[in-house]
file target_30.txt (compact mmCIF, C-alpha atoms)
# COMPACT_ATOMS: atom_id res chain seq x y z
CA MET A 5 -6.59 0.73 52.27
CA LEU A 6 -4.97 1.96 49.09
CA ALA A 7 -7.21 4.97 48.47
CA GLN A 8 -8.05 7.02 45.40
CA ARG A 9 -6.37 10.40 45.03
CA THR A 10 -7.09 13.80 43.57
CA LEU A 11 -5.61 17.30 43.88
CA LYS A 12 -5.88 19.41 47.03
CA SER A 13 -6.33 22.61 45.03
CA LEU A 14 -6.49 23.76 41.44
CA THR A 15 -3.44 24.67 39.37
CA ARG A 16 -2.98 26.30 35.97
CA ALA A 17 -0.57 26.25 33.04
CA VAL A 18 -0.25 28.18 29.78
CA GLY A 19 1.67 27.00 26.71
CA VAL A 20 1.42 26.14 23.04
CA GLY A 21 0.33 22.98 21.28
CA LEU A 22 3.15 20.97 19.74
CA HIS A 23 1.36 20.45 16.43
CA SER A 24 -1.12 23.32 16.33
CA GLY A 25 1.20 26.04 17.65
CA GLU A 26 -1.88 27.56 19.31
CA ARG A 27 -1.79 29.17 22.75
CA VAL A 28 -3.69 27.05 25.27
CA GLU A 29 -4.58 27.34 28.94
CA LEU A 30 -5.04 24.39 31.27
CA THR A 31 -6.80 24.44 34.62
CA LEU A 32 -6.44 21.23 36.63
CA ARG A 33 -9.08 20.83 39.35
CA PRO A 34 -9.93 18.28 42.07
CA ALA A 35 -12.66 15.75 41.21
CA PRO A 36 -14.80 13.46 43.42
CA PRO A 37 -14.06 9.74 43.89
CA ASP A 38 -14.74 7.49 40.90
CA THR A 39 -14.79 10.44 38.48
CA GLY A 40 -11.67 9.38 36.62
CA ILE A 41 -9.77 11.91 34.53
CA VAL A 42 -12.01 14.18 32.48
CA PHE A 43 -10.93 16.81 29.94
CA ARG A 44 -13.36 19.68 29.40
CA ARG A 45 -13.24 21.83 26.25
CA ILE A 46 -14.35 25.14 27.77
CA ASP A 47 -13.56 27.12 24.60
CA LEU A 48 -16.48 25.63 22.68
CA PRO A 49 -19.88 27.40 22.50
CA GLN A 50 -21.22 24.60 24.69
CA PRO A 51 -18.47 23.09 26.92
CA VAL A 52 -17.91 19.38 26.24
CA ASP A 53 -16.65 16.79 28.74
CA ILE A 54 -14.27 14.16 27.33
CA PRO A 55 -13.75 11.36 29.88
CA VAL A 56 -10.52 9.40 29.44
CA ASN A 57 -11.00 5.79 28.37
CA ALA A 58 -9.48 3.48 25.76
CA GLN A 59 -12.47 3.76 23.41
CA ALA A 60 -12.26 7.59 23.47
CA VAL A 61 -8.85 7.44 21.74
CA THR A 62 -9.78 8.18 18.12
CA ASP A 63 -6.49 9.26 16.52
CA THR A 64 -2.98 8.02 17.22
CA ARG A 65 -0.99 9.74 14.48
CA LEU A 66 2.07 11.29 16.21
CA ALA A 67 0.10 11.61 19.49
CA SER A 68 -2.95 10.27 21.34
CA THR A 69 -6.20 12.14 20.67
CA LEU A 70 -9.41 11.78 22.69
CA SER A 71 -12.81 12.61 21.21
CA VAL A 72 -16.48 12.91 22.08
CA GLY A 73 -18.45 13.67 18.93
CA ASP A 74 -16.68 16.50 17.13
CA ALA A 75 -14.87 17.69 20.28
CA LYS A 76 -11.21 16.60 20.54
CA VAL A 77 -8.22 16.90 22.83
CA ARG A 78 -4.90 16.07 21.18
CA THR A 79 -1.49 15.09 22.60
CA VAL A 80 -2.76 13.92 25.99
CA GLU A 81 -0.05 11.31 26.64
CA HIS A 82 2.49 13.41 28.60
CA LEU A 83 -0.12 14.77 31.01
CA MET A 84 -1.66 11.32 31.38
CA SER A 85 1.79 9.90 32.08
CA ALA A 86 2.33 12.45 34.86
CA CYS A 87 -1.06 11.57 36.37
CA ALA A 88 -0.14 7.89 36.33
CA GLY A 89 3.32 8.55 37.75
CA LEU A 90 1.86 10.49 40.70
CA GLY A 91 -1.05 8.11 41.20
CA LEU A 92 -3.87 10.57 40.46
CA ASP A 93 -7.21 8.86 39.90
CA ASN A 94 -9.67 11.75 39.69
CA LEU A 95 -9.11 15.07 37.93
CA TYR A 96 -10.95 17.68 35.89
CA ILE A 97 -8.83 19.30 33.19
CA ASP A 98 -10.32 22.46 31.66
CA ILE A 99 -8.68 23.27 28.34
CA THR A 100 -9.11 26.28 26.03
CA ALA A 101 -7.97 24.70 22.74
CA GLU A 102 -7.82 21.37 20.93
CA GLU A 103 -4.31 20.39 22.05
CA VAL A 104 -2.62 19.96 25.44
CA PRO A 105 0.39 22.33 25.69
CA ILE A 106 3.72 20.67 25.03
CA LEU A 107 5.56 22.75 27.71
CA ASP A 108 9.14 21.37 27.76
CA GLY A 109 8.35 18.23 25.73
CA SER A 110 8.41 15.88 28.71
CA ALA A 111 6.10 15.16 31.65
CA SER A 112 8.21 17.00 34.23
CA SER A 113 6.34 20.32 34.00
CA PHE A 114 3.05 18.50 34.53
CA VAL A 115 4.55 16.66 37.50
CA TYR A 116 5.58 20.01 38.99
CA LEU A 117 2.11 21.47 38.45
CA LEU A 118 0.37 18.51 40.05
CA GLN A 119 2.76 18.40 42.99
CA SER A 120 2.37 22.15 43.55
CA ALA A 121 -1.40 21.67 43.93
CA GLY A 122 -0.85 18.84 46.43
CA ILE A 123 -2.24 15.30 46.44
CA GLU A 124 -5.27 14.42 48.57
CA TRP A 125 -6.49 10.96 49.58
CA GLN A 126 -10.16 10.21 49.06
CA PRO A 127 -12.53 7.90 50.98
CA ALA A 128 -12.74 5.27 48.25
CA PRO A 129 -10.53 2.30 47.33
CA ARG A 130 -8.21 2.64 44.36
CA ARG A 131 -9.33 0.25 41.61
CA PHE A 132 -6.67 -1.47 39.52
CA LEU A 133 -7.11 -3.24 36.20
CA ARG A 134 -5.33 -6.56 36.72
CA VAL A 135 -4.17 -8.54 33.68
CA LEU A 136 -4.96 -12.25 34.10
CA LYS A 137 -3.81 -13.67 30.75
CA PRO A 138 -1.16 -12.61 28.21
CA VAL A 139 -2.34 -10.32 25.43
CA GLU A 140 -0.19 -9.28 22.46
CA VAL A 141 -0.55 -7.20 19.31
CA ARG A 142 1.87 -7.24 16.37
CA GLU A 143 2.31 -5.25 13.19
CA GLY A 144 4.58 -5.70 10.18
CA GLU A 145 7.24 -8.29 9.47
CA GLY A 146 11.03 -8.44 9.36
CA ALA A 147 12.61 -4.99 9.63
CA GLN A 148 9.12 -3.46 9.92
CA LEU A 149 8.04 -5.61 12.86
CA LYS A 150 6.70 -3.91 15.97
CA TRP A 151 4.80 -5.42 18.86
CA ALA A 152 3.47 -4.80 22.37
CA ARG A 153 2.47 -7.29 25.06
CA LEU A 154 0.81 -7.36 28.48
CA THR A 155 1.35 -10.30 30.84
CA PRO A 156 0.17 -10.96 34.42
CA HIS A 157 2.30 -9.34 37.11
CA HIS A 158 1.67 -8.28 40.72
CA GLY A 159 2.83 -4.72 40.11
CA PHE A 160 3.40 -2.59 37.03
CA THR A 161 6.62 -2.82 35.06
CA LEU A 162 7.44 -1.58 31.58
CA SER A 163 10.20 -2.69 29.22
CA PHE A 164 10.69 -0.92 25.89
CA GLU A 165 13.20 -1.37 23.09
CA ILE A 166 13.64 1.14 20.26
CA ASP A 167 15.42 0.70 16.92
CA PHE A 168 15.89 3.97 15.02
CA GLN A 169 19.26 3.25 13.33
CA HIS A 170 20.51 6.81 13.73
CA PRO A 171 24.04 7.70 14.96
CA ALA A 172 22.77 9.85 17.85
CA VAL A 173 20.29 7.18 18.96
CA ASP A 174 22.69 4.28 18.40
CA ALA A 175 25.11 5.94 20.82
CA THR A 176 22.55 5.60 23.63
CA GLN A 177 21.00 2.68 25.46
CA GLN A 178 17.98 1.60 23.39
CA GLN A 179 16.31 -0.75 25.86
CA VAL A 180 14.92 0.41 29.21
CA THR A 181 12.97 -1.34 31.97
CA PHE A 182 11.11 0.60 34.65
CA ASP A 183 9.14 -0.47 37.74
CA MET A 184 6.33 1.92 38.69
CA GLY A 185 6.48 0.60 42.24
CA SER A 186 10.00 2.02 42.64
CA GLY A 187 8.75 5.55 43.32
CA ARG A 188 11.33 6.95 40.88
CA TYR A 189 9.02 8.09 38.07
CA SER A 190 9.68 11.80 38.62
CA ARG A 191 13.44 11.28 38.76
CA ASP A 192 14.02 8.57 36.18
CA ILE A 193 11.27 8.94 33.53
CA ALA A 194 9.36 12.24 33.69
CA ARG A 195 12.16 14.46 32.30
CA ALA A 196 12.61 12.46 29.06
CA ARG A 197 11.61 14.66 26.12
CA THR A 198 9.90 13.89 22.86
CA PHE A 199 12.27 13.74 19.89
CA ALA A 200 12.26 14.30 16.15
CA PHE A 201 14.56 14.45 13.14
CA SER A 202 15.01 17.87 11.55
CA LYS A 203 14.11 16.56 8.08
CA ASP A 204 10.85 15.13 9.45
CA VAL A 205 10.03 18.39 11.25
CA GLU A 206 10.25 20.25 7.95
CA MET A 207 7.87 17.79 6.29
CA MET A 208 5.45 17.90 9.23
CA ARG A 209 5.35 21.70 9.18
CA ALA A 210 4.61 21.62 5.48
CA SER A 211 1.59 19.47 6.40
CA GLY A 212 0.48 21.83 9.16
CA LEU A 213 1.98 19.79 12.03
CA ALA A 214 4.77 20.46 14.58
CA LEU A 215 3.99 24.19 14.32
CA GLY A 216 4.75 24.67 18.02
CA GLY A 217 7.84 22.44 18.15
CA GLY A 218 11.42 23.59 18.62
CA LEU A 219 14.65 23.03 20.51
CA ASP A 220 13.03 24.26 23.74
CA ASN A 221 10.43 21.48 23.80
CA ALA A 222 11.93 18.54 21.89
CA ILE A 223 15.18 16.75 21.15
CA VAL A 224 15.94 17.55 17.50
CA MET A 225 18.53 15.64 15.44
CA ASP A 226 20.03 16.21 12.04
CA ASP A 227 21.57 13.30 10.10
CA THR A 228 24.32 12.70 12.65
CA ARG A 229 23.84 14.48 15.98
CA VAL A 230 21.60 16.03 18.60
CA LEU A 231 21.16 19.74 17.90
CA ASN A 232 20.07 20.80 21.39
CA GLU A 233 22.77 22.84 23.09
CA GLY A 234 22.49 20.98 26.40
CA GLY A 235 22.49 17.51 24.86
CA LEU A 236 20.50 14.73 26.49
CA ARG A 237 19.01 14.69 29.99
CA TYR A 238 19.47 10.92 30.36
CA ALA A 239 21.93 8.60 28.67
CA GLU A 240 18.89 6.62 27.47
CA GLU A 241 16.50 9.55 27.00
CA PHE A 242 15.09 8.30 23.68
CA ALA A 243 14.00 4.94 25.10
CA LYS A 244 12.84 6.55 28.33
CA HIS A 245 10.56 8.90 26.44
CA LYS A 246 8.93 5.89 24.79
CA ILE A 247 8.37 4.48 28.29
CA LEU A 248 6.89 7.84 29.34
CA ASP A 249 4.52 7.76 26.34
CA ALA A 250 3.52 4.15 27.03
CA ILE A 251 2.68 4.97 30.66
CA GLY A 252 0.39 7.76 29.45
CA ASP A 253 -1.16 5.69 26.66
CA LEU A 254 -1.87 2.76 28.99
CA TYR A 255 -3.38 5.02 31.66
CA CYS A 256 -6.06 5.86 29.10
CA VAL A 257 -7.63 2.53 30.08
CA GLY A 258 -9.11 4.47 33.02
CA HIS A 259 -7.37 2.61 35.86
CA PRO A 260 -3.86 2.01 37.14
CA MET A 261 -2.70 -1.31 35.78
CA LEU A 262 -1.28 -4.46 37.36
CA ALA A 263 0.71 -6.03 34.55
CA SER A 264 4.05 -6.35 32.86
CA TYR A 265 4.22 -4.37 29.61
CA THR A 266 6.88 -5.27 27.04
CA ALA A 267 7.24 -3.62 23.65
CA PHE A 268 9.48 -3.38 20.61
CA ARG A 269 9.16 -0.26 18.44
CA SER A 270 5.60 0.29 19.61
CA GLY A 271 3.83 3.64 19.51
CA HIS A 272 0.53 5.33 20.32
CA ALA A 273 -1.47 3.31 17.79
CA LEU A 274 -0.20 -0.09 18.89
CA ASN A 275 -0.52 0.83 22.58
CA ASN A 276 -4.18 1.70 22.11
CA GLN A 277 -4.74 -1.41 20.03
CA LEU A 278 -3.25 -3.42 22.90
CA LEU A 279 -5.72 -1.88 25.36
CA ARG A 280 -8.68 -2.52 23.08
CA THR A 281 -7.58 -6.13 22.51
CA LEU A 282 -7.25 -6.63 26.26
CA LEU A 283 -10.67 -5.14 27.04
CA ALA A 284 -12.30 -7.28 24.35
CA ARG A 285 -11.08 -10.41 26.13
CA ARG A 286 -13.19 -10.31 29.28
CA ASP A 287 -11.45 -13.39 30.70
CA ALA A 288 -8.04 -11.65 30.44
CA TRP A 289 -8.59 -8.99 33.13
CA ASP A 290 -10.50 -8.00 36.22
CA ILE A 291 -10.77 -5.02 38.58
CA VAL A 292 -9.26 -5.30 42.07
CA SER A 293 -8.64 -3.07 45.09
CA PHE A 294 -6.62 -3.50 48.27
CA GLU A 295 -8.46 -2.99 51.55
CA ASP A 296 -5.26 -4.11 53.27
CA GLU A 297 -2.26 -2.31 51.80
CA ARG A 298 -0.04 -5.24 52.80
CA GLN A 299 -1.65 -7.18 49.95
CA ALA A 300 -0.63 -4.54 47.43
CA PRO A 301 2.44 -4.95 45.20
CA THR A 302 5.81 -4.11 46.72
CA GLY A 303 6.36 -0.37 46.78
CA PHE A 304 2.77 0.63 45.97
CA ALA A 305 1.80 1.37 49.58
CA GLN A 306 5.02 3.34 50.13
CA LEU A 307 4.35 5.25 46.92
CA ALA A 308 0.88 6.18 48.17
CA ARG A 309 2.26 7.51 51.47
CA ALA A 310 4.92 9.52 49.65
CA TRP A 311 2.25 11.92 48.43
call {"tool": "encode", "arguments": {"input": "target_30.txt", "output": "structure tokens"}}
result
Amino acid sequence: MLAQRTLKSLTRAVGVGLHSGERVELTLRPAPPDTGIVFRRIDLPQPVDIPVNAQAVTDTRLASTLSVGDAKVRTVEHLMSACAGLGLDNLYIDITAEEVPILDGSASSFVYLLQSAGIEWQPAPRRFLRVLKPVEVREGEGAQLKWARLTPHHGFTLSFEIDFQHPAVDATQQQVTFDMGSGRYSRDIARARTFAFSKDVEMMRASGLALGGGLDNAIVMDDTRVLNEGGLRYAEEFAKHKILDAIGDLYCVGHPMLASYTAFRSGHALNNQLLRTLLARRDAWDIVSFEDERQAPTGFAQLARAW
């Protein structure tokens, strides 16, 4: 059986929010089967649980924000991506501020934290959301066109193409395809950092955003080049970070997915719109599990044993 997974022990991290600049503490704790991933705002007068699901995503400007009532958790996508990459189904995340810490701007620090706590199998089958019919969302026309699509696939693959028309980005590969069944998430995707243009950072800070951002937690570019002293971590780091974000955004559906995701210039808003469009079409998906791991997609059983 492909079983659900949680942490063996708790683990903690301290950092600052990318946009708020506020110090924040995370405590990641094991959770029982079928709990899902639940953020808990423990800094509020009355702690509030915020379960992860597509409908809980209430703001997608520059990041994915989850809400329950007035309680929010911002910039969840990198941590959610790490959870998806390591196959974690159930997790409590205690947080002391409104925004998840940015750490190094990628998912690699979260991967390290989760791995350091250890992964534990649980006596319950892992439930996958399987896409049965193609679903697509589009926005804009011509040079402003962006779109995202899910199609049936016995596995989970992602293909993303960016188009930023900037010398530093143009010099890299702008289209990347990744297979989650390959077991190479930590090596090939997790280290890709978020990126920004220096002129945009100045405008965002003037609006009270990106207050915690800098060269230690983002790729920053001026009009012609990357300003980070060490350069890029991957030859296609820009496109790979968009894959990283998409993995996290799609995991907000509450289940690992069996589908092929393809996108052009998509972002948090379109990714969430894609999930909501899919869920609204009840004939376009179902929930499946694998009592016999031989029926699972290629690589998925090996990935489970790796942890």
call {"tool": "residues_around", "arguments": {"input": "target_30.txt", "residues": "Leu66 of chain A", "least_positions_apart": "6", "cutoff": "9 Å", "atoms": "only C-alpha atoms", "output": "list in words"}}
result
Thr79, Gly271, His272 and Ala273 of chain A
call {"tool": "closest_residue", "arguments": {"input": "target_30.txt", "among": "A:Ser113, A:Leu154, A:Leu236, A:Ala128", "to": "Glu140 of chain A", "atoms": "only C-alpha atoms"}}
result
A:Leu154
call {"tool": "closest_residue", "arguments": {"input": "target_30.txt", "among": "A:Ala175, A:Ala147, A:Val61, A:Ala75", "to": "Ala101 of chain A", "atoms": "only C-alpha atoms"}}
result
A:Ala75
call {"tool": "residues_around", "arguments": {"input": "target_30.txt", "residues": "Val42 of chain A", "least_positions_apart": "3", "cutoff": "6 Å", "atoms": "all atoms listed in the file", "output": "ChimeraX atom specification"}}
result
/A:54-56,96
call {"tool": "closest_residue", "arguments": {"input": "target_30.txt", "among": "A:Ser24, A:Thr281, A:Ser13, A:Ser264", "to": "His157 of chain A", "atoms": "all atoms listed in the file"}}
result
A:Ser264
call {"tool": "residues_around", "arguments": {"input": "target_30.txt", "residues": "segment 86-94 of chain A", "least_positions_apart": "2", "cutoff": "6 Å", "atoms": "all atoms listed in the file", "output": "MDAnalysis selection string"}}
result
chainID A and resid 8:10 35 39:41 83:84 111 115 189
call {"tool": "closest_residue", "arguments": {"input": "target_30.txt", "among": "A:Asp63, A:Asp192, A:Glu103, A:Glu124", "to": "Pro36 of chain A", "atoms": "all atoms listed in the file"}}
result
A:Glu124
call {"tool": "closest_residue", "arguments": {"input": "target_30.txt", "among": "A:Leu6, A:Glu102, A:Gln59, A:Thr64", "to": "Lys76 of chain A", "atoms": "only C-alpha atoms"}}
result
A:Glu102
call {"tool": "closest_residue", "arguments": {"input": "target_30.txt", "among": "A:Gln169, A:Ser68, A:Ser120, A:Met5", "to": "Ala17 of chain A", "atoms": "all atoms listed in the file"}}
result
A:Ser120
call {"tool": "atom_distance", "arguments": {"input": "target_30.txt", "atom1": "atom CA of Gly122 of chain A", "atom2": "atom CA of Val257 of chain A"}}
result
24.1 Å
call {"tool": "residues_around", "arguments": {"input": "target_30.txt", "residues": "Val205 of chain A", "least_positions_apart": "3", "cutoff": "12 Å", "atoms": "all atoms listed in the file", "output": "number ranges by chain"}}
result
A: 22-23, 66, 199-202, 208-219, 222-226
call {"tool": "atom_distance", "arguments": {"input": "target_30.txt", "atom1": "atom CA of Arg45 of chain A", "atom2": "atom CA of Cys256 of chain A"}}
result
17.7 Å
call {"tool": "atom_distance", "arguments": {"input": "target_30.txt", "atom1": "atom CA of Leu95 of chain A", "atom2": "atom CA of Pro260 of chain A"}}
result
14.1 Å
call {"tool": "axis_aligned_box", "arguments": {"input": "target_30.txt", "around": "segment 55-67 of chain A", "padding_each_side": "5 Å", "output": "JSON"}}
result
{"center_x": -5.8, "center_y": 7.5, "center_z": 22.2, "size_x": 25.8, "size_y": 18.1, "size_z": 25.4}
call {"tool": "residues_around", "arguments": {"input": "target_30.txt", "residues": "Tyr265 of chain A", "least_positions_apart": "5", "cutoff": "10 Å", "atoms": "all atoms listed in the file", "output": "list in words"}}
result
Pro138, Val139, Glu140, Ala152, Arg153, Leu154, Thr155, Pro156, His157, Phe160, Thr161, Leu162, Ser163, Phe164, Thr181, Phe182, Ile247, Ala250, Ile251, Leu254 and Asn275 of chain A
call {"tool": "write_last_selection", "arguments": {"input": "target_30.txt", "atoms": "C-alpha atoms", "output": "tab-separated table (two decimals), keeping the file's coordinate frame"}}
result
chain	number	residue	atom	x	y	z
A	138	PRO	CA	-1.16	-12.61	28.21
A	139	VAL	CA	-2.34	-10.32	25.43
A	140	GLU	CA	-0.19	-9.28	22.46
A	152	ALA	CA	3.47	-4.80	22.37
A	153	ARG	CA	2.47	-7.29	25.06
A	154	LEU	CA	0.81	-7.36	28.48
A	155	THR	CA	1.35	-10.30	30.84
A	156	PRO	CA	0.17	-10.96	34.42
A	157	HIS	CA	2.30	-9.34	37.11
A	160	PHE	CA	3.40	-2.59	37.03
A	161	THR	CA	6.62	-2.82	35.06
A	162	LEU	CA	7.44	-1.58	31.58
A	163	SER	CA	10.20	-2.69	29.22
A	164	PHE	CA	10.69	-0.92	25.89
A	181	THR	CA	12.97	-1.34	31.97
A	182	PHE	CA	11.11	0.60	34.65
A	247	ILE	CA	8.37	4.48	28.29
A	250	ALA	CA	3.52	4.15	27.03
A	251	ILE	CA	2.68	4.97	30.66
A	254	LEU	CA	-1.87	2.76	28.99
A	275	ASN	CA	-0.52	0.83	22.58
